[in-house]
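Trainee: This is the content of protein-v3.cif (mmCIF, C-alpha atoms; chains and numbers go by the auth columns):
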data_run
loop_
_atom_site.group_PDB
_atom_site.id
_atom_site.type_symbol
_atom_site.label_atom_id
_atom_site.label_comp_id
_atom_site.label_asym_id
_atom_site.label_seq_id
_atom_site.Cartn_x
_atom_site.Cartn_y
_atom_site.Cartn_z
_atom_site.B_iso_or_equiv
_atom_site.auth_seq_id
_atom_site.auth_asym_id
ATOM 1 C CA MET A 1 0.000 0.000 0.000 0.00 1363 A
ATOM 2 C CA SER A 2 1.477 3.344 -1.009 0.00 1364 A
ATOM 3 C CA ALA A 3 1.558 6.524 1.081 0.00 1365 A
ATOM 4 C CA LEU A 4 -1.051 7.981 -1.313 0.00 1366 A
ATOM 5 C CA ASP A 5 -3.505 5.224 -0.370 0.00 1367 A
ATOM 6 C CA ASP A 6 -3.160 6.044 3.335 0.00 1368 A
ATOM 7 C CA ARG A 7 -4.272 9.639 2.918 0.00 1369 A
ATOM 8 C CA HIS A 8 -7.628 10.904 4.139 0.00 1370 A
ATOM 9 C CA PRO A 9 -10.109 11.318 1.216 0.00 1371 A
ATOM 10 C CA CYS A 10 -10.112 15.120 1.734 0.00 1372 A
ATOM 11 C CA GLU A 11 -6.397 15.133 0.904 0.00 1373 A
ATOM 12 C CA MET A 12 -6.760 12.994 -2.233 0.00 1374 A
ATOM 13 C CA GLU A 13 -7.059 14.161 -5.806 0.00 1375 A
ATOM 14 C CA ASP A 14 -10.273 13.492 -7.722 0.00 1376 A
ATOM 15 C CA LYS A 15 -8.724 10.661 -9.759 0.00 1377 A
ATOM 16 C CA GLN A 16 -7.634 8.828 -6.624 0.00 1378 A
ATOM 17 C CA ILE A 17 -11.042 9.195 -4.966 0.00 1379 A
ATOM 18 C CA VAL A 18 -12.845 7.926 -8.064 0.00 1380 A
ATOM 19 C CA GLN A 19 -10.410 5.021 -8.379 0.00 1381 A
ATOM 20 C CA LYS A 20 -11.019 3.999 -4.753 0.00 1382 A
ATOM 21 C CA ILE A 21 -14.816 4.253 -5.153 0.00 1383 A
ATOM 22 C CA LEU A 22 -14.743 2.198 -8.357 0.00 1384 A
ATOM 23 C CA ASN A 23 -12.570 -0.416 -6.638 0.00 1385 A
ATOM 24 C CA GLY A 24 -15.300 -1.079 -4.094 0.00 1386 A
ATOM 25 C CA GLY A 25 -14.788 1.802 -1.710 0.00 1387 A
ATOM 26 C CA SER A 26 -17.482 3.257 0.487 0.00 1388 A
ATOM 27 C CA THR A 27 -19.917 5.892 -0.762 0.00 1389 A
ATOM 28 C CA ARG A 28 -18.512 8.104 2.016 0.00 1390 A
ATOM 29 C CA LEU A 29 -15.423 8.556 -0.151 0.00 1391 A
ATOM 30 C CA PHE A 30 -17.592 10.781 -2.368 0.00 1392 A
ATOM 31 C CA THR A 31 -18.085 13.307 0.476 0.00 1393 A
ATOM 32 C CA PRO A 32 -14.944 15.344 -0.333 0.00 1394 A
ATOM 33 C CA VAL A 33 -16.096 15.617 -3.938 0.00 1395 A
ATOM 34 C CA VAL A 34 -19.432 17.008 -2.754 0.00 1396 A
ATOM 35 C CA GLN A 35 -17.641 19.431 -0.441 0.00 1397 A
ATOM 36 C CA ARG A 36 -15.267 20.605 -3.190 0.00 1398 A
ATOM 37 C CA TYR A 37 -17.774 21.158 -5.959 0.00 1399 A
ATOM 38 C CA SER A 38 -21.221 21.783 -4.465 0.00 1400 A
ATOM 39 C CA GLY A 39 -20.755 25.579 -4.293 0.00 1401 A
ATOM 40 C CA MET A 40 -19.656 25.821 -7.914 0.00 1402 A
ATOM 41 C CA MET A 41 -22.494 23.549 -9.034 0.00 1403 A
ATOM 42 C CA LEU A 42 -25.079 25.462 -7.009 0.00 1404 A
ATOM 43 C CA SER A 43 -23.915 28.697 -8.617 0.00 1405 A
ATOM 44 C CA LYS A 44 -24.284 27.190 -12.107 0.00 1406 A
ATOM 45 C CA ALA A 45 -27.715 25.788 -11.259 0.00 1407 A
ATOM 46 C CA LEU A 46 -28.853 29.152 -9.869 0.00 1408 A
ATOM 47 C CA THR A 47 -27.943 30.916 -13.122 0.00 1409 A
ATOM 48 C CA ILE A 48 -30.230 28.527 -14.977 0.00 1410 A
ATOM 49 C CA THR A 49 -33.107 27.965 -12.544 0.00 1411 A
ATOM 50 C CA ARG A 50 -33.080 31.364 -10.821 0.00 1412 A
ATOM 51 C CA ASN A 51 -34.552 29.669 -7.779 0.00 1413 A
ATOM 52 C CA HIS A 52 -32.529 28.451 -4.789 0.00 1414 A
ATOM 53 C CA ASP A 53 -34.725 25.430 -4.021 0.00 1415 A
ATOM 54 C CA ARG A 54 -34.716 24.262 -7.649 0.00 1416 A
ATOM 55 C CA ALA A 55 -30.962 24.872 -7.849 0.00 1417 A
ATOM 56 C CA ALA A 56 -30.351 22.814 -4.697 0.00 1418 A
ATOM 57 C CA GLU A 57 -32.543 20.024 -6.108 0.00 1419 A
ATOM 58 C CA THR A 58 -30.581 20.203 -9.362 0.00 1420 A
ATOM 59 C CA VAL A 59 -27.239 19.859 -7.561 0.00 1421 A
ATOM 60 C CA GLN A 60 -28.506 16.882 -5.585 0.00 1422 A
ATOM 61 C CA MET A 61 -29.718 15.203 -8.783 0.00 1423 A
ATOM 62 C CA ALA A 62 -26.448 16.030 -10.569 0.00 1424 A
ATOM 63 C CA PHE A 63 -24.348 14.463 -7.817 0.00 1425 A
ATOM 64 C CA ALA A 64 -26.517 11.328 -7.913 0.00 1426 A
ATOM 65 C CA LYS A 65 -26.100 11.089 -11.710 0.00 1427 A
ATOM 66 C CA ALA A 66 -22.364 11.690 -11.437 0.00 1428 A
ATOM 67 C CA TYR A 67 -21.920 9.032 -8.755 0.00 1429 A
ATOM 68 C CA ALA A 68 -23.930 6.520 -10.776 0.00 1430 A
ATOM 69 C CA ASN A 69 -21.764 7.218 -13.833 0.00 1431 A
ATOM 70 C CA LEU A 70 -18.315 7.586 -12.265 0.00 1432 A
ATOM 71 C CA ASP A 71 -16.987 4.793 -14.443 0.00 1433 A
ATOM 72 C CA SER A 72 -17.593 6.944 -17.551 0.00 1434 A
ATOM 73 C CA TRP A 73 -15.593 9.943 -16.244 0.00 1435 A
ATOM 74 C CA ARG A 74 -12.243 10.652 -17.886 0.00 1436 A
ATOM 75 C CA GLY A 75 -10.074 13.539 -16.767 0.00 1437 A
ATOM 76 C CA ASP A 76 -7.969 14.957 -13.969 0.00 1438 A
ATOM 77 C CA THR A 77 -10.564 16.951 -12.042 0.00 1439 A
ATOM 78 C CA LEU A 78 -14.261 16.354 -11.715 0.00 1440 A
ATOM 79 C CA GLY A 79 -15.225 20.056 -11.856 0.00 1441 A
ATOM 80 C CA PRO A 80 -15.900 20.492 -15.589 0.00 1442 A
ATOM 81 C CA TRP A 81 -17.695 17.150 -15.814 0.00 1443 A
ATOM 82 C CA LEU A 82 -19.871 17.953 -12.787 0.00 1444 A
ATOM 83 C CA LEU A 83 -20.699 21.406 -14.193 0.00 1445 A
ATOM 84 C CA THR A 84 -21.815 19.844 -17.462 0.00 1446 A
ATOM 85 C CA ILE A 85 -24.024 17.358 -15.626 0.00 1447 A
ATOM 86 C CA THR A 86 -25.417 20.205 -13.506 0.00 1448 A
ATOM 87 C CA MET A 87 -26.191 22.337 -16.555 0.00 1449 A
ATOM 88 C CA HIS A 88 -27.984 19.525 -18.382 0.00 1450 A
ATOM 89 C CA THR A 89 -29.865 18.502 -15.252 0.00 1451 A
ATOM 90 C CA ALA A 90 -31.005 22.093 -14.622 0.00 1452 A
ATOM 91 C CA LEU A 91 -32.065 22.605 -18.228 0.00 1453 A
ATOM 92 C CA ASN A 92 -33.978 19.312 -18.258 0.00 1454 A
ATOM 93 C CA LEU A 93 -35.651 20.195 -14.961 0.00 1455 A
ATOM 94 C CA MET A 94 -36.644 23.621 -16.293 0.00 1456 A
ATOM 95 C CA GLU A 95 -37.896 22.139 -19.556 0.00 1457 A
ATOM 96 C CA LYS A 96 -39.964 19.554 -17.682 0.00 1458 A
ATOM 97 C CA GLU A 97 -41.353 22.216 -15.351 0.00 1459 A
ATOM 98 C CA HIS A 98 -42.143 24.440 -18.311 0.00 1460 A
ATOM 99 C CA ARG A 99 -43.978 21.601 -20.089 0.00 1461 A
ATOM 100 C CA ILE A 100 -46.066 20.971 -16.982 0.00 1462 A
ATOM 101 C CA ASN A 101 -46.828 24.674 -16.578 0.00 1463 A
ATOM 102 C CA ARG A 102 -47.557 25.030 -20.284 0.00 1464 A
ATOM 103 C CA LEU A 103 -49.974 22.114 -20.195 0.00 1465 A
ATOM 104 C CA SER A 104 -51.678 23.520 -17.120 0.00 1466 A
ATOM 105 C CA THR A 105 -51.918 26.981 -18.691 0.00 1467 A
ATOM 106 C CA GLU A 106 -53.107 25.477 -21.963 0.00 1468 A
ATOM 107 C CA GLU A 107 -55.827 23.515 -20.161 0.00 1469 A
ATOM 108 C CA LYS A 108 -57.037 26.668 -18.399 0.00 1470 A
ATOM 109 C CA ARG A 109 -56.954 28.626 -21.647 0.00 1471 A
ATOM 110 C CA LEU A 110 -58.873 25.918 -23.487 0.00 1472 A
ATOM 111 C CA GLU A 111 -61.565 25.892 -20.816 0.00 1473 A
ATOM 112 C CA ASN A 112 -62.374 29.500 -21.723 0.00 1474 A
ATOM 113 C CA VAL A 113 -62.285 29.110 -25.506 0.00 1475 A
ATOM 114 C CA PRO A 114 -65.656 28.917 -27.193 0.00 1476 A
ATOM 115 C CA ASP A 115 -66.142 25.810 -29.289 0.00 1477 A
ATOM 116 C CA GLU A 116 -66.668 27.762 -32.523 0.00 1478 A
ATOM 117 C CA THR A 117 -62.980 28.888 -32.539 0.00 1479 A
ATOM 118 C CA TYR A 118 -61.777 25.315 -32.787 0.00 1480 A
ATOM 119 C CA SER A 119 -60.775 24.205 -36.251 0.00 1481 A
ATOM 120 C CA ASP A 120 -59.329 21.000 -37.555 0.00 1482 A
ATOM 121 C CA GLU A 121 -56.754 22.995 -39.527 0.00 1483 A
ATOM 122 C CA HIS A 122 -55.512 24.811 -36.417 0.00 1484 A
ATOM 123 C CA GLU A 123 -55.375 21.563 -34.462 0.00 1485 A
ATOM 124 C CA SER A 124 -53.448 19.931 -37.290 0.00 1486 A
ATOM 125 C CA LYS A 125 -50.871 22.765 -37.299 0.00 1487 A
ATOM 126 C CA LEU A 126 -50.408 22.471 -33.547 0.00 1488 A
ATOM 127 C CA GLN A 127 -49.899 18.729 -33.801 0.00 1489 A
ATOM 128 C CA ARG A 128 -47.372 19.175 -36.623 0.00 1490 A
ATOM 129 C CA MET A 129 -45.509 21.772 -34.536 0.00 1491 A
ATOM 130 C CA GLU A 130 -45.367 19.419 -31.533 0.00 1492 A
ATOM 131 C CA GLN A 131 -44.138 16.603 -33.772 0.00 1493 A
ATOM 132 C CA ALA A 132 -41.556 18.905 -35.356 0.00 1494 A
ATOM 133 C CA LEU A 133 -40.260 19.947 -31.931 0.00 1495 A
ATOM 134 C CA GLU A 134 -39.940 16.285 -30.945 0.00 1496 A
ATOM 135 C CA GLN A 135 -37.652 15.704 -33.941 0.00 1497 A
ATOM 136 C CA LEU A 136 -35.142 18.294 -32.722 0.00 1498 A
ATOM 137 C CA SER A 137 -32.116 17.315 -30.682 0.00 1499 A
ATOM 138 C CA SER A 138 -32.358 17.969 -26.942 0.00 1500 A
ATOM 139 C CA ASP A 139 -29.877 20.882 -27.297 0.00 1501 A
ATOM 140 C CA ASP A 140 -32.028 22.481 -30.005 0.00 1502 A
ATOM 141 C CA ARG A 141 -35.201 21.980 -27.941 0.00 1503 A
ATOM 142 C CA GLN A 142 -33.457 23.579 -24.959 0.00 1504 A
ATOM 143 C CA LEU A 143 -32.398 26.494 -27.156 0.00 1505 A
ATOM 144 C CA ILE A 144 -35.995 26.978 -28.352 0.00 1506 A
ATOM 145 C CA THR A 145 -37.292 26.647 -24.786 0.00 1507 A
ATOM 146 C CA MET A 146 -34.880 29.236 -23.423 0.00 1508 A
ATOM 147 C CA HIS A 147 -35.496 31.710 -26.264 0.00 1509 A
ATOM 148 C CA TYR A 148 -39.239 31.428 -26.900 0.00 1510 A
ATOM 149 C CA TYR A 149 -40.731 30.033 -23.713 0.00 1511 A
ATOM 150 C CA ARG A 150 -38.452 31.439 -21.034 0.00 1512 A
ATOM 151 C CA LYS A 151 -37.871 34.669 -23.006 0.00 1513 A
ATOM 152 C CA MET A 152 -34.131 34.598 -22.311 0.00 1514 A
ATOM 153 C CA LYS A 153 -31.905 37.011 -24.205 0.00 1515 A
ATOM 154 C CA THR A 154 -29.217 35.617 -26.478 0.00 1516 A
ATOM 155 C CA GLU A 155 -26.558 36.827 -24.048 0.00 1517 A
ATOM 156 C CA GLU A 156 -28.115 34.775 -21.231 0.00 1518 A
ATOM 157 C CA ILE A 157 -28.522 31.741 -23.480 0.00 1519 A
ATOM 158 C CA ALA A 158 -24.890 31.993 -24.599 0.00 1520 A
ATOM 159 C CA LYS A 159 -23.688 32.132 -21.000 0.00 1521 A
ATOM 160 C CA THR A 160 -25.925 29.236 -19.935 0.00 1522 A
ATOM 161 C CA MET A 161 -24.929 27.008 -22.839 0.00 1523 A
ATOM 162 C CA GLY A 162 -21.269 28.045 -22.841 0.00 1524 A
ATOM 163 C CA ILE A 163 -21.283 29.273 -26.440 0.00 1525 A
ATOM 164 C CA SER A 164 -20.957 32.686 -28.106 0.00 1526 A
ATOM 165 C CA GLN A 165 -23.914 34.997 -28.769 0.00 1527 A
ATOM 166 C CA SER A 166 -23.310 34.772 -32.496 0.00 1528 A
ATOM 167 C CA ASN A 167 -23.409 30.986 -32.232 0.00 1529 A
ATOM 168 C CA VAL A 168 -26.767 31.258 -30.424 0.00 1530 A
ATOM 169 C CA LEU A 169 -28.151 33.453 -33.225 0.00 1531 A
ATOM 170 C CA VAL A 170 -26.875 31.093 -35.939 0.00 1532 A
ATOM 171 C CA ARG A 171 -28.286 28.047 -34.149 0.00 1533 A
ATOM 172 C CA LEU A 172 -31.667 29.774 -33.624 0.00 1534 A
ATOM 173 C CA HIS A 173 -31.806 30.611 -37.327 0.00 1535 A
ATOM 174 C CA ARG A 174 -30.961 27.027 -38.299 0.00 1536 A
ATOM 175 C CA VAL A 175 -33.455 25.530 -35.844 0.00 1537 A
ATOM 176 C CA ARG A 176 -36.254 27.812 -37.117 0.00 1538 A
ATOM 177 C CA ASP A 177 -35.426 26.818 -40.707 0.00 1539 A
ATOM 178 C CA ARG A 178 -35.424 23.157 -39.741 0.00 1540 A
ATOM 179 C CA LEU A 179 -38.794 23.513 -37.972 0.00 1541 A
ATOM 180 C CA ARG A 180 -40.238 25.298 -41.013 0.00 1542 A
ATOM 181 C CA LYS A 181 -39.038 22.499 -43.333 0.00 1543 A
ATOM 182 C CA ILE A 182 -40.386 19.793 -41.051 0.00 1544 A
ATOM 183 C CA MET A 183 -43.733 21.587 -40.771 0.00 1545 A
ATOM 184 C CA ASN A 184 -44.024 22.079 -44.540 0.00 1546 A
ATOM 185 C CA HIS A 185 -42.591 18.804 -45.790 0.00 1547 A
ATOM 186 C CA GLY A 186 -42.905 16.279 -42.984 0.00 1548 A
ATOM 187 C CA GLU A 187 -39.958 14.455 -41.467 0.00 1549 A
ATOM 188 C CA GLU A 188 -36.468 15.287 -42.659 0.00 1550 A
#
Please go through the file and, once you have read it, give me the structure as structure tokens.
Mentor:
Amino acid sequence: MSALDDRHPCEMEDKQIVQKILNGGSTRLFTPVVQRYSGMMLSKALTITRNHDRAAETVQMAFAKAYANLDSWRGDTLGPWLLTITMHTALNLMEKEHRINRLSTEEKRLENVPDETYSDEHESKLQRMEQALEQLSSDDRQLITMHYYRKMKTEEIAKTMGISQSNVLVRLHRVRDRLRKIMNHGEE
């Protein structure tokens, strides 16, 4: 046993902690990782969720996902990997919450719509739009959600997704074109 193996987990590097966990170590070995990165992850989650409780829930979920997938991690430090998991978890949580709220709002709105405004053509367009959105990648759906549903500015989207503002604008343009093509011509 080397001197490195005798160290307390708080004194170990991320690679050594992960190695010990993967070699049958206790889940308590993950505690220093949580202590090191929870603040950074909470900050990232707060920028996306803008709600402390949701951000805390996101961090908890992200740590659980990370622990369950430790064997897929490659690198020297866990920070960037954990931030990526946190970002995707927060965006998925927000998208799910938005879908639930949208459905609830849509149900309330539909309760107040007179029957004569319903048309098969309008319903068909809505169904095609939903189907078109389903055909987008999760990143493109998140981009659409942030821009159109959450009304985020391109600067905020760029910061959240870790890309440039010009890249956000280009991707929005391409996604809108793709949606238009899918709506007009069916599946790509």
Trainee: Select, from A:Leu1505, A:Val1395, A:Leu1384, A:Met1514, the residue with the minimum atom-to-atom distance to Arg1412 (chain A), counting only C-alpha atoms.
Mentor: A:Met1514
Trainee: Please, what distance in Å, to one decimal, runs between CA of Gln1493 (chain A) and CA of Leu1541 (chain A)?
Mentor: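 Atom-to-atom, CA of Gln1493 (chain A) and CA of Leu1541 (chain A) are spaced 9.7 Å apart.
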Trainee: Do a neighbour search on Lys1377 (chain A) at 7 Å with all atoms listed in the file, toss out local chain neighbours closer than 3 positions, and write the hits as a PyMOL selection string.
Mentor: chain A and resi 1380-1381+1438-1439
Trainee: Carefully work through the PyMOL selection byres ((chain A and resi 1445) around 9) for this structure and note down the residues it includes, as a ChimeraX atom specification.
Mentor: /A:1399,1402-1403,1406-1407,1424,1440-1444,1446-1450
Trainee: Which of these, A:Lys1487, A:His1460, A:Lys1470, A:Arg1542, has the shortest distance to Tyr1510 (chain A) once you count only C-alpha atoms?
Mentor: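 Smallest distance to Tyr1510 (chain A) is found for A:His1460.
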Trainee: Please determine an axis-aligned box that encloses all atoms of region 1509-1528 of chain A listed in the file, with 4 Å added on each side, and express its centre and edge lengths in Å to one decimal as lines of an AutoDock Vina configuration file.
Mentor:
center_x = -30.8
center_y = 32.0
center_z = -26.2
size_x = 27.8
size_y = 18.0
size_z = 20.6
Trainee: Ranking A:Ile1506, A:Ala1520, A:Leu1391, A:Leu1432 by minimum distance to His1535 (chain A) and counting all atoms listed in the file, which one comes first?
Mentor: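 Of A:Ile1506, A:Ala1520, A:Leu1391, A:Leu1432, the one nearest His1535 (chain A) is A:Ile1506, counting all atoms listed in the file.
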Trainee: To one decimal in Å, tell me the separation between CA of Leu1404 (chain A) and CA of Lys1458 (chain A).
Mentor: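 Separation of CA of Leu1404 (chain A) and CA of Lys1458 (chain A): 19.2 Å.
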Trainee: Extract, using all atoms listed in the file, all DNA, RNA and protein residues at most 10 Å from Met1456 (chain A), discarding same-chain residues fewer than 3 positions from it, and format them as a PyMOL selection string.
Mentor: chain A and resi 1410-1411+1416+1420+1450-1453+1459-1462+1504+1507-1508+1512
Trainee: Quick one: of A:Tyr1429, A:Gly1524, A:His1370, A:Asn1454, who's nearest to Val1396 (chain A), counting all atoms listed in the file?
Mentor: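 Of the candidates, the smallest distance to Val1396 (chain A) is held by A:Tyr1429.
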Trainee: Identify, on the basis of only C-alpha atoms, every residue whose closest approach to Leu1495 (chain A) does not exceed 10 Å; exclude the query and any residue fewer than 4 positions from it along the same chain; express the result as a list in words.
Mentor: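 Surrounding residues, per the criterion: Gln1489, Arg1490, Met1491, Ser1499, Ser1500, Asp1502, Arg1503, Ile1506, Val1537, Arg1540, Leu1541, Ile1544 and Met1545 of chain A.
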Trainee: Just give me the gap between CA of Ser1528 (chain A) and CA of Tyr1511 (chain A) in Å, one decimal is fine.
Mentor: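 If I compute the distance from CA of Ser1528 (chain A) to CA of Tyr1511 (chain A), I get 20.1 Å.
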Trainee: Place N, CA and C atoms on region 1401-1428 of chain A and deliver the coordinates as a PDB file, keeping the file's coordinate frame.
Mentor:
ATOM      1  N   GLY A1401     -20.575  24.127  -4.151  1.00  0.00           N
ATOM      2  CA  GLY A1401     -20.755  25.579  -4.293  1.00  0.00           C
ATOM      3  C   GLY A1401     -20.741  26.009  -5.752  1.00  0.00           C
ATOM      4  N   MET A1402     -19.787  25.501  -6.502  1.00  0.00           N
ATOM      5  CA  MET A1402     -19.656  25.821  -7.914  1.00  0.00           C
ATOM      6  C   MET A1402     -20.886  25.321  -8.687  1.00  0.00           C
ATOM      7  N   MET A1403     -21.345  24.123  -8.353  1.00  0.00           N
ATOM      8  CA  MET A1403     -22.494  23.549  -9.034  1.00  0.00           C
ATOM      9  C   MET A1403     -23.775  24.304  -8.682  1.00  0.00           C
ATOM     10  N   LEU A1404     -23.905  24.700  -7.422  1.00  0.00           N
ATOM     11  CA  LEU A1404     -25.079  25.462  -7.009  1.00  0.00           C
ATOM     12  C   LEU A1404     -25.130  26.795  -7.749  1.00  0.00           C
ATOM     13  N   SER A1405     -23.984  27.429  -7.897  1.00  0.00           N
ATOM     14  CA  SER A1405     -23.915  28.697  -8.617  1.00  0.00           C
ATOM     15  C   SER A1405     -24.368  28.521 -10.064  1.00  0.00           C
ATOM     16  N   LYS A1406     -23.895  27.470 -10.719  1.00  0.00           N
ATOM     17  CA  LYS A1406     -24.284  27.190 -12.107  1.00  0.00           C
ATOM     18  C   LYS A1406     -25.786  26.913 -12.190  1.00  0.00           C
ATOM     19  N   ALA A1407     -26.291  26.120 -11.256  1.00  0.00           N
ATOM     20  CA  ALA A1407     -27.715  25.788 -11.259  1.00  0.00           C
ATOM     21  C   ALA A1407     -28.574  27.025 -11.013  1.00  0.00           C
ATOM     22  N   LEU A1408     -28.106  27.919 -10.149  1.00  0.00           N
ATOM     23  CA  LEU A1408     -28.853  29.152  -9.869  1.00  0.00           C
ATOM     24  C   LEU A1408     -28.950  30.044 -11.100  1.00  0.00           C
ATOM     25  N   THR A1409     -27.886  30.084 -11.913  1.00  0.00           N
ATOM     26  CA  THR A1409     -27.943  30.916 -13.122  1.00  0.00           C
ATOM     27  C   THR A1409     -28.983  30.394 -14.100  1.00  0.00           C
ATOM     28  N   ILE A1410     -29.262  29.124 -14.053  1.00  0.00           N
ATOM     29  CA  ILE A1410     -30.230  28.527 -14.977  1.00  0.00           C
ATOM     30  C   ILE A1410     -31.635  28.541 -14.382  1.00  0.00           C
ATOM     31  N   THR A1411     -31.771  28.109 -13.136  1.00  0.00           N
ATOM     32  CA  THR A1411     -33.107  27.965 -12.544  1.00  0.00           C
ATOM     33  C   THR A1411     -33.634  29.249 -11.928  1.00  0.00           C
ATOM     34  N   ARG A1412     -32.725  30.100 -11.475  1.00  0.00           N
ATOM     35  CA  ARG A1412     -33.080  31.364 -10.821  1.00  0.00           C
ATOM     36  C   ARG A1412     -33.982  31.153  -9.596  1.00  0.00           C
ATOM     37  N   ASN A1413     -33.777  30.005  -8.969  1.00  0.00           N
ATOM     38  CA  ASN A1413     -34.552  29.669  -7.779  1.00  0.00           C
ATOM     39  C   ASN A1413     -33.672  28.771  -6.903  1.00  0.00           C
ATOM     40  N   HIS A1414     -33.466  29.182  -5.654  1.00  0.00           N
ATOM     41  CA  HIS A1414     -32.529  28.451  -4.789  1.00  0.00           C
ATOM     42  C   HIS A1414     -32.974  27.010  -4.544  1.00  0.00           C
ATOM     43  N   ASP A1415     -34.251  26.787  -4.284  1.00  0.00           N
ATOM     44  CA  ASP A1415     -34.725  25.430  -4.021  1.00  0.00           C
ATOM     45  C   ASP A1415     -34.542  24.529  -5.247  1.00  0.00           C
ATOM     46  N   ARG A1416     -34.901  25.042  -6.416  1.00  0.00           N
ATOM     47  CA  ARG A1416     -34.716  24.262  -7.649  1.00  0.00           C
ATOM     48  C   ARG A1416     -33.233  24.016  -7.915  1.00  0.00           C
ATOM     49  N   ALA A1417     -32.410  25.018  -7.640  1.00  0.00           N
ATOM     50  CA  ALA A1417     -30.962  24.872  -7.849  1.00  0.00           C
ATOM     51  C   ALA A1417     -30.399  23.802  -6.917  1.00  0.00           C
ATOM     52  N   ALA A1418     -30.817  23.819  -5.662  1.00  0.00           N
ATOM     53  CA  ALA A1418     -30.351  22.814  -4.697  1.00  0.00           C
ATOM     54  C   ALA A1418     -30.797  21.419  -5.124  1.00  0.00           C
ATOM     55  N   GLU A1419     -32.031  21.309  -5.615  1.00  0.00           N
ATOM     56  CA  GLU A1419     -32.543  20.024  -6.108  1.00  0.00           C
ATOM     57  C   GLU A1419     -31.720  19.557  -7.316  1.00  0.00           C
ATOM     58  N   THR A1420     -31.388  20.504  -8.182  1.00  0.00           N
ATOM     59  CA  THR A1420     -30.581  20.203  -9.362  1.00  0.00           C
ATOM     60  C   THR A1420     -29.214  19.651  -8.965  1.00  0.00           C
ATOM     61  N   VAL A1421     -28.568  20.292  -8.003  1.00  0.00           N
ATOM     62  CA  VAL A1421     -27.239  19.859  -7.561  1.00  0.00           C
ATOM     63  C   VAL A1421     -27.316  18.453  -6.977  1.00  0.00           C
ATOM     64  N   GLN A1422     -28.336  18.211  -6.183  1.00  0.00           N
ATOM     65  CA  GLN A1422     -28.506  16.882  -5.585  1.00  0.00           C
ATOM     66  C   GLN A1422     -28.672  15.825  -6.688  1.00  0.00           C
ATOM     67  N   MET A1423     -29.503  16.134  -7.669  1.00  0.00           N
ATOM     68  CA  MET A1423     -29.718  15.203  -8.783  1.00  0.00           C
ATOM     69  C   MET A1423     -28.430  15.010  -9.586  1.00  0.00           C
ATOM     70  N   ALA A1424     -27.691  16.100  -9.794  1.00  0.00           N
ATOM     71  CA  ALA A1424     -26.448  16.030 -10.569  1.00  0.00           C
ATOM     72  C   ALA A1424     -25.409  15.154  -9.865  1.00  0.00           C
ATOM     73  N   PHE A1425     -25.285  15.310  -8.553  1.00  0.00           N
ATOM     74  CA  PHE A1425     -24.348  14.463  -7.817  1.00  0.00           C
ATOM     75  C   PHE A1425     -24.755  12.993  -7.908  1.00  0.00           C
ATOM     76  N   ALA A1426     -26.045  12.712  -7.813  1.00  0.00           N
ATOM     77  CA  ALA A1426     -26.517  11.328  -7.913  1.00  0.00           C
ATOM     78  C   ALA A1426     -26.188  10.753  -9.291  1.00  0.00           C
ATOM     79  N   LYS A1427     -26.423  11.543 -10.349  1.00  0.00           N
ATOM     80  CA  LYS A1427     -26.100  11.089 -11.710  1.00  0.00           C
ATOM     81  C   LYS A1427     -24.592  10.871 -11.861  1.00  0.00           C
ATOM     82  N   ALA A1428     -23.821  11.800 -11.327  1.00  0.00           N
ATOM     83  CA  ALA A1428     -22.364  11.690 -11.437  1.00  0.00           C
ATOM     84  C   ALA A1428     -21.872  10.431 -10.723  1.00  0.00           C
TER      85      ALA A1428
END
